[in-house]
Amino acid sequence: MDLDLEGIIQCIKQGDENGVQIQLQEFNKEYAQCFFFDSEERDRRKQRKLEEFRKNKVREYADSDSDCDQYEQEDRGLVLRQNLALVLVRFIRTGAKGPLLKVSLRSLRILSRDKKVLGPLVTDDALLTLAKLAGLTASDPSDEPADPDSDFYDNVIASLAEAKVSRCPSDEDEGDVEGDEEGDEEGGGRRGECFDEDDVSTADSVDLDRGGWPAGRGSAGADETRGGGARHKVLERGRRDRRESKPEREGEEEEEEAGVASGEEAQRKEALKVLCNVVYNSAWAQERFSGLRLMCGLKERLSSGASGSSSSSVQFYELRLMFLVTALRRELSTQLQQEGGVSIFTAALESCLGVQWKDQYECVLDPEAPPISLEASQRVIEILKILFNVTYSTHRQEPSEDDAALYRHLVAMLRLCLMRKCLLLDDSDELQGHTVNLLSALPLRCLDVLLTVREEPDSTGTPGVNMECVNTLVLFMERRLESGDKMKEKLTPVFNLLTESCRAHRETRHYIRKHILPPLRDASHRPEEGSTVKSRLVRLMTHLDTDLKHSAADLIFVLCKENVSRFVKYTGYGNAAGLLATRGLLGGGQGPGASGSAAQYSSDSDSDTEEYRQVKDRINPVTGRVEAQQPDPMEGMTEEEKEEEARRLIMLFNKLSRDDIIQPMGVDSEGKLVPMLGLRDNSLTEEVKSNSENMGEGEEGRSK
């Protein structure tokens with residue numbers, strides 16, 4: 001569809017609201033599922049341009065008029081969208097009301113997906129206007145210039161007329177676009193994944209992981225409005241946006257029947273969506289969000305929303321905006337923590353879950369309760385992500401008594417999040433995943449709430465300790481091990497949580513060890529072979545990703561009470577060597593946490609089974625299994641032949657070492673791998689030092 005921007009401006013000047021609304025509705029319908037940037041197409045154009053440059057010796061540049069025409073058409077589309085955004089911001093601030101305001105906001109939301117047209121949306125006036133419509137502030141934006149509206153729109157039309165004298169994009173513009181895209185890749189985002197038809201998409205925290213989220217995306221100011229590329233591509237439907245299952249037109253009709261109140265809610269929701277897009281795409285908007293004190297208004301909205309003053313749909317976007325702000329601006333998450341953010345969102349979580357308390361740190365868990373609804377589960381997930389951003393630095397801190405009580409109160413509700421089910425299976429898994437992320441960020445000593453719940457007649461655990469929550473975590477880990485999808489993002493948090501919990505709570509370690517490391521009976525297979533949980537974990541110990549393999553190895557190492565011989569027994573020396581080399585334990589012994597105050601290992605023994613004792617002497621410590629008897633390769637060789645073979649082998653090793661193909665290594669006195677040359681130098685140094693000390697003692701004896 002060719003956008004008739006001049007027609008829209010003329011309708012605005014003439015006060016033809018019906019004409020403006022019809023044309024904007026057509027625009028929204030056409031581009032509802034589209035994003036105005038196709039990186040693949042841009043790469044193809046760039047490659048064609050490079051090939052054209054290489055052929056320039058035989059063909060003049062003037063022969064590429066068709067390519068230039070394509071650039072001109074794409075540039076015109078970009079100019080139209082930039083000016084449409086400029087006109088809509090002015091129109092929303094000065095004249096749009098009622099349904100027309102909602103349609104205009106929806107058009108702005110579509111345009112805000114594109115970083116190159118964000119210029120009109122990141123000004124202070126535009127941000128304050130959107131914040132006022134979203135209910136985040138009551139202040140009016142700064143006064144408009146004295147020029148009447150007609151002059152403003154006439155100037156826009158004049159600029160469009162100038163843009164018709166099209167030009168091909170310059171190399172400098174291409175470089176700016178490339179630079180922006182590289183910045184996106186460094187920040188962990190992807191072009192075109194931002195938002196779908198009905199709201200913003202959720203990026204894993206995560207990401208966020210890991211958790212969590214990347215700081216600063218995109219460029220600011222005029223740089224965001226430069227570059228070419230009017231092509232668009234279809235967006236995938238947001239997997240998590242299931243709150244608005246009804247068609248948009250049907251929703252609009254219901255809002256008109258419901259009256260003004262619902263219309264205001266829809267207006268606030270559209271303004272929040274635009275703000276989410278702008279904040280996500282613009283580092284400048286993130287900075288101004290703080291400078292304009294919009295954070296305070298958003299916090300107040302969410303504080304009052306916990307009591308039910310906002311609809312669930314509007315509250316979701318308020319939560320989403322808070323998540324984006326705290327994820328992208330780390331100083332704002334710190335500010336929120338200092339201003340009581342944990343208390344605010346703990347109360348919001350309690351309201352969403354409808355918690356009933358049995359004891360100070362124990363929630364009522366009714367097995368007959370209905371699953372968590374779709375709307376409630378989405379809000380709970382956003383709250384958990386915000387709480388992670390706020391508390392990510394408290395894991396190793398020693399909290400005060402008041403903070404510890406607050407965290408235990410939160411952990412009690414997180415236990416409820418782990419144990420309750422959602423309406424959809426995917427939602428249940430996602431809810432548990434974000435709960436694990438948050439638990440891994442909280443102080444360890446506050447996690448005892450997970451175990452001190454009173455036991456039910458059919459509960460799982462040891463006398464005095466309820467292990468139902470730990471069992472849920474183990475099952476959650478097993479499901480993610482079996483899925484094999486995004487293993488680092490999905491497994492590292494639960495590995496770290498279980499590892500630290502085993503260090504801090506001996507009952508947890510004893511319980512998990514029975515599930516993961518049962519007594520060895522069959523030694524005929526390698527530890528990494530099979531489909532058991534232990535086999536899957538051992539396979540991860542040699543994974544290419546360093547963080548993943550170390551977190552898996554740490555879990556098994558702690559389950560072995562950080563005892564090297566026991567660790568090698570269950571995993572094989574080949575699999576264990578990576579962690580042992582990192583910890584400086586190749587010489588044997590125990591890890592530093594085994595005797596430290598942080599570790600609370602149980603006193604259970606690791607007695608061998610009868611089956612294991614029978615084959616223990618025949619187990620290869622490197623592979624961890626019983627190997628078949630191999631013939632002696634030197635059988636039948638004379639002593640001279642053996643010496644010659646040994647010399648040949650040494651010569652081969654020396655050649656490989658001289659050519660830097662291999663580097664012979666050894667274990668020093670601290671149990672760490674060092675080059676053999678360094679090991680020899682250290683031994684010579686120690687020998688010289690020892691000889692000097694002995695000589696000094698002899699001289700002292702003679703003097704006496």
# chains A, B, ... in the order shown; residues from 1 in each chain; ligands from 1
call {"tool": "closest_atom_pairs", "arguments": {"of": "segment 374-407 of chain A", "to": "segment 323-346 of chain A", "cutoff": "9 Å", "atoms": "only C-alpha atoms", "output": "CSV"}}
result
residue,atom,partner,partner_atom,distance
A:Glu382,CA,A:Phe323,CA,7.0
A:Ile383,CA,A:Phe345,CA,6.4
A:Leu384,CA,A:Phe345,CA,8.4
A:Lys385,CA,A:Phe323,CA,6.7
A:Ile386,CA,A:Phe323,CA,5.1
A:Leu387,CA,A:Val342,CA,6.5
A:Asn389,CA,A:Ala327,CA,6.2
A:Val390,CA,A:Ser333,CA,5.2
A:Thr391,CA,A:Gln337,CA,7.4
A:Leu406,CA,A:Ser343,CA,7.4
A:Tyr407,CA,A:Val342,CA,8.4
call {"tool": "residues_around", "arguments": {"residues": "segment 608-623 of chain A", "least_positions_apart": "4", "cutoff": "10 Å", "atoms": "only C-alpha atoms", "output": "JSON, numbers by chain"}}
result
{"A": [519, 520, 521, 522, 523, 524, 525, 526, 527, 528, 565, 568, 569, 570, 571, 572, 573, 574, 575, 576, 577, 627, 628, 629]}
call {"tool": "atom_distance", "arguments": {"atom1": "atom CA of Asp547 of chain A", "atom2": "atom CA of His505 of chain A"}}
result
23.7 Å
call {"tool": "atom_distance", "arguments": {"atom1": "atom CA of Ser669 of chain A", "atom2": "atom CA of Phe567 of chain A"}}
result
20.6 Å
call {"tool": "residues_around", "arguments": {"residues": "Glu350 of chain A", "least_positions_apart": "5", "cutoff": "9 Å", "atoms": "only C-alpha atoms", "output": "list of chain:residue names"}}
result
A:Ala306, A:Phe345, A:Val355, A:Gln356, A:Leu410, A:Met413
call {"tool": "write_last_selection", "arguments": {"atoms": "N, CA and C atoms", "output": "PDB file, in the first residue's frame"}}
result
ATOM      1  N   ALA A 306      -1.447  -3.024  42.642  1.00  0.00           N
ATOM      2  CA  ALA A 306      -1.470  -4.237  43.455  1.00  0.00           C
ATOM      3  C   ALA A 306      -2.789  -4.388  44.191  1.00  0.00           C
ATOM      4  N   PHE A 345       6.770  -5.288  44.690  1.00  0.00           N
ATOM      5  CA  PHE A 345       6.468  -6.375  43.762  1.00  0.00           C
ATOM      6  C   PHE A 345       6.192  -7.689  44.488  1.00  0.00           C
ATOM      7  N   VAL A 355      -2.782 -15.243  47.475  1.00  0.00           N
ATOM      8  CA  VAL A 355      -2.159 -16.078  48.513  1.00  0.00           C
ATOM      9  C   VAL A 355      -2.973 -16.038  49.795  1.00  0.00           C
ATOM     10  N   GLN A 356      -3.103 -17.216  50.414  1.00  0.00           N
ATOM     11  CA  GLN A 356      -3.647 -17.343  51.759  1.00  0.00           C
ATOM     12  C   GLN A 356      -2.555 -17.939  52.637  1.00  0.00           C
ATOM     13  N   LEU A 410       9.051 -13.631  50.574  1.00  0.00           N
ATOM     14  CA  LEU A 410       9.018 -13.812  49.122  1.00  0.00           C
ATOM     15  C   LEU A 410       9.264 -15.269  48.751  1.00  0.00           C
ATOM     16  N   MET A 413       6.273 -17.485  48.873  1.00  0.00           N
ATOM     17  CA  MET A 413       5.398 -17.396  47.705  1.00  0.00           C
ATOM     18  C   MET A 413       6.035 -18.049  46.475  1.00  0.00           C
TER      19      MET A 413
END
call {"tool": "atom_distance", "arguments": {"atom1": "atom CA of Ser657 of chain A", "atom2": "atom CA of Pro675 of chain A"}}
result
10.9 Å
call {"tool": "residues_around", "arguments": {"residues": "Arg288 of chain A", "least_positions_apart": "4", "cutoff": "8 Å", "atoms": "only C-alpha atoms", "output": "PyMOL selection string"}}
result
chain A and resi 124+284+292
call {"tool": "residues_around", "arguments": {"residues": "segment 434-449 of chain A", "least_positions_apart": "2", "cutoff": "6 Å", "atoms": "only C-alpha atoms", "output": "PyMOL selection string"}}
result
chain A and resi 388+392+394-395+408+431-432+451-452+493+497
call {"tool": "write_last_selection", "arguments": {"atoms": "C-alpha atoms", "output": "short mmCIF file (atom, residue, chain, number, x, y, z; two decimals), in the first residue's frame"}}
result
data_model
loop_
_atom_site.label_atom_id
_atom_site.label_comp_id
_atom_site.auth_asym_id
_atom_site.auth_seq_id
_atom_site.Cartn_x
_atom_site.Cartn_y
_atom_site.Cartn_z
CA PHE A 388 15.24 -10.78 39.51
CA TYR A 392 20.30 -10.09 41.26
CA THR A 394 21.87 -10.01 46.81
CA HIS A 395 22.91 -13.65 46.36
CA ARG A 408 11.74 -15.31 53.39
CA LEU A 431 6.71 -19.98 35.53
CA GLN A 432 8.97 -22.53 37.20
CA LEU A 451 12.39 -27.01 53.52
CA THR A 452 10.77 -25.99 56.81
CA PRO A 493 20.30 -21.38 36.70
CA LEU A 497 20.59 -23.18 42.54
#
call {"tool": "closest_residue", "arguments": {"among": "A:Leu579, A:Cys417, A:Val538, A:Ile516", "to": "Leu450 of chain A", "atoms": "only C-alpha atoms"}}
result
A:Cys417
call {"tool": "residues_around", "arguments": {"residues": "Leu100 of chain A", "least_positions_apart": "5", "cutoff": "10 Å", "atoms": "only C-alpha atoms", "output": "list in words"}}
result
Glu17, Asn18, Val20, Gln21, Ile22, Leu24, Gln25, Ile92, Gly95, Leu105 and Arg106 of chain A
call {"tool": "residues_around", "arguments": {"residues": "Lys269 of chain A", "least_positions_apart": "6", "cutoff": "12 Å", "atoms": "only C-alpha atoms", "output": "PDB file with N, CA and C atoms, in the first residue's frame"}}
result
ATOM      1  N   LYS A 102      -6.987   6.459  19.836  1.00  0.00           N
ATOM      2  CA  LYS A 102      -6.560   5.060  19.937  1.00  0.00           C
ATOM      3  C   LYS A 102      -5.982   4.567  18.609  1.00  0.00           C
ATOM      4  N   LEU A 105      -2.545   6.078  18.150  1.00  0.00           N
ATOM      5  CA  LEU A 105      -1.555   5.403  19.002  1.00  0.00           C
ATOM      6  C   LEU A 105      -1.175   4.043  18.426  1.00  0.00           C
ATOM      7  N   ARG A 106      -2.156   3.363  17.843  1.00  0.00           N
ATOM      8  CA  ARG A 106      -1.855   2.064  17.240  1.00  0.00           C
ATOM      9  C   ARG A 106      -0.910   2.232  16.039  1.00  0.00           C
ATOM     10  N   ARG A 109       2.474   2.776  17.410  1.00  0.00           N
ATOM     11  CA  ARG A 109       3.058   1.530  17.909  1.00  0.00           C
ATOM     12  C   ARG A 109       3.701   0.735  16.774  1.00  0.00           C
ATOM     13  N   LEU A 130       3.227  10.630  25.748  1.00  0.00           N
ATOM     14  CA  LEU A 130       2.895   9.209  25.857  1.00  0.00           C
ATOM     15  C   LEU A 130       2.753   8.796  27.309  1.00  0.00           C
ATOM     16  N   ALA A 131       3.623   9.324  28.170  1.00  0.00           N
ATOM     17  CA  ALA A 131       3.535   8.978  29.596  1.00  0.00           C
ATOM     18  C   ALA A 131       2.237   9.476  30.205  1.00  0.00           C
ATOM     19  N   LYS A 132       1.786  10.662  29.795  1.00  0.00           N
ATOM     20  CA  LYS A 132       0.518  11.182  30.305  1.00  0.00           C
ATOM     21  C   LYS A 132      -0.652  10.320  29.849  1.00  0.00           C
ATOM     22  N   LEU A 133      -0.644   9.913  28.574  1.00  0.00           N
ATOM     23  CA  LEU A 133      -1.711   9.056  28.068  1.00  0.00           C
ATOM     24  C   LEU A 133      -1.681   7.686  28.738  1.00  0.00           C
ATOM     25  N   ALA A 134      -0.481   7.230  29.136  1.00  0.00           N
ATOM     26  CA  ALA A 134      -0.356   5.938  29.813  1.00  0.00           C
ATOM     27  C   ALA A 134      -0.666   6.029  31.295  1.00  0.00           C
ATOM     28  N   GLY A 135      -0.904   7.228  31.808  1.00  0.00           N
ATOM     29  CA  GLY A 135      -1.226   7.387  33.216  1.00  0.00           C
ATOM     30  C   GLY A 135      -0.019   7.412  34.124  1.00  0.00           C
ATOM     31  N   LEU A 136       1.176   7.628  33.569  1.00  0.00           N
ATOM     32  CA  LEU A 136       2.387   7.632  34.386  1.00  0.00           C
ATOM     33  C   LEU A 136       2.699   9.000  34.959  1.00  0.00           C
ATOM     34  N   ASP A 198      -0.187  -7.405  18.873  1.00  0.00           N
ATOM     35  CA  ASP A 198      -0.953  -6.935  20.004  1.00  0.00           C
ATOM     36  C   ASP A 198      -0.119  -6.452  21.173  1.00  0.00           C
ATOM     37  N   ASP A 199       1.125  -6.798  21.248  1.00  0.00           N
ATOM     38  CA  ASP A 199       1.971  -6.221  22.291  1.00  0.00           C
ATOM     39  C   ASP A 199       3.396  -6.631  22.078  1.00  0.00           C
ATOM     40  N   VAL A 200       4.256  -6.145  22.968  1.00  0.00           N
ATOM     41  CA  VAL A 200       5.672  -6.436  22.839  1.00  0.00           C
ATOM     42  C   VAL A 200       5.924  -7.901  23.076  1.00  0.00           C
ATOM     43  N   SER A 262     -13.677   1.754  29.607  1.00  0.00           N
ATOM     44  CA  SER A 262     -12.860   0.789  28.886  1.00  0.00           C
ATOM     45  C   SER A 262     -12.078   1.461  27.770  1.00  0.00           C
ATOM     46  N   GLY A 263     -12.655   2.531  27.154  1.00  0.00           N
ATOM     47  CA  GLY A 263     -11.922   3.270  26.138  1.00  0.00           C
ATOM     48  C   GLY A 263     -10.667   3.893  26.706  1.00  0.00           C
ATOM     49  N   LEU A 275       5.423   3.049  24.426  1.00  0.00           N
ATOM     50  CA  LEU A 275       6.547   3.314  25.326  1.00  0.00           C
ATOM     51  C   LEU A 275       7.456   2.097  25.444  1.00  0.00           C
ATOM     52  N   CYS A 276       6.863   0.908  25.499  1.00  0.00           N
ATOM     53  CA  CYS A 276       7.676  -0.311  25.562  1.00  0.00           C
ATOM     54  C   CYS A 276       8.569  -0.423  24.332  1.00  0.00           C
ATOM     55  N   SER A 310      -6.099  -1.224  38.545  1.00  0.00           N
ATOM     56  CA  SER A 310      -5.894  -1.297  37.101  1.00  0.00           C
ATOM     57  C   SER A 310      -6.399  -2.636  36.575  1.00  0.00           C
ATOM     58  N   SER A 311      -6.826  -2.625  35.326  1.00  0.00           N
ATOM     59  CA  SER A 311      -7.220  -3.885  34.716  1.00  0.00           C
ATOM     60  C   SER A 311      -5.983  -4.756  34.531  1.00  0.00           C
ATOM     61  N   SER A 312      -6.207  -6.061  34.427  1.00  0.00           N
ATOM     62  CA  SER A 312      -5.077  -6.985  34.313  1.00  0.00           C
ATOM     63  C   SER A 312      -4.283  -6.744  33.049  1.00  0.00           C
ATOM     64  N   SER A 313      -4.971  -6.375  31.956  1.00  0.00           N
ATOM     65  CA  SER A 313      -4.282  -6.156  30.690  1.00  0.00           C
ATOM     66  C   SER A 313      -3.382  -4.935  30.759  1.00  0.00           C
ATOM     67  N   VAL A 314      -3.885  -3.835  31.318  1.00  0.00           N
ATOM     68  CA  VAL A 314      -3.076  -2.626  31.453  1.00  0.00           C
ATOM     69  C   VAL A 314      -1.925  -2.876  32.419  1.00  0.00           C
ATOM     70  N   GLN A 315      -2.196  -3.571  33.508  1.00  0.00           N
ATOM     71  CA  GLN A 315      -1.137  -3.841  34.478  1.00  0.00           C
ATOM     72  C   GLN A 315      -0.019  -4.676  33.866  1.00  0.00           C
ATOM     73  N   PHE A 316      -0.373  -5.571  32.974  1.00  0.00           N
ATOM     74  CA  PHE A 316       0.659  -6.370  32.327  1.00  0.00           C
ATOM     75  C   PHE A 316       1.653  -5.480  31.590  1.00  0.00           C
ATOM     76  N   TYR A 317       1.156  -4.505  30.831  1.00  0.00           N
ATOM     77  CA  TYR A 317       2.057  -3.641  30.074  1.00  0.00           C
ATOM     78  C   TYR A 317       2.825  -2.696  30.990  1.00  0.00           C
ATOM     79  N   GLU A 318       2.233  -2.306  32.096  1.00  0.00           N
ATOM     80  CA  GLU A 318       2.992  -1.539  33.087  1.00  0.00           C
ATOM     81  C   GLU A 318       4.144  -2.373  33.633  1.00  0.00           C
ATOM     82  N   LEU A 319       3.877  -3.637  33.921  1.00  0.00           N
ATOM     83  CA  LEU A 319       4.933  -4.538  34.391  1.00  0.00           C
ATOM     84  C   LEU A 319       5.981  -4.753  33.309  1.00  0.00           C
ATOM     85  N   ARG A 320       5.527  -4.915  32.065  1.00  0.00           N
ATOM     86  CA  ARG A 320       6.485  -5.127  30.977  1.00  0.00           C
ATOM     87  C   ARG A 320       7.400  -3.915  30.827  1.00  0.00           C
ATOM     88  N   LEU A 321       6.834  -2.718  30.912  1.00  0.00           N
ATOM     89  CA  LEU A 321       7.642  -1.507  30.802  1.00  0.00           C
ATOM     90  C   LEU A 321       8.646  -1.427  31.947  1.00  0.00           C
TER      91      LEU A 321
END
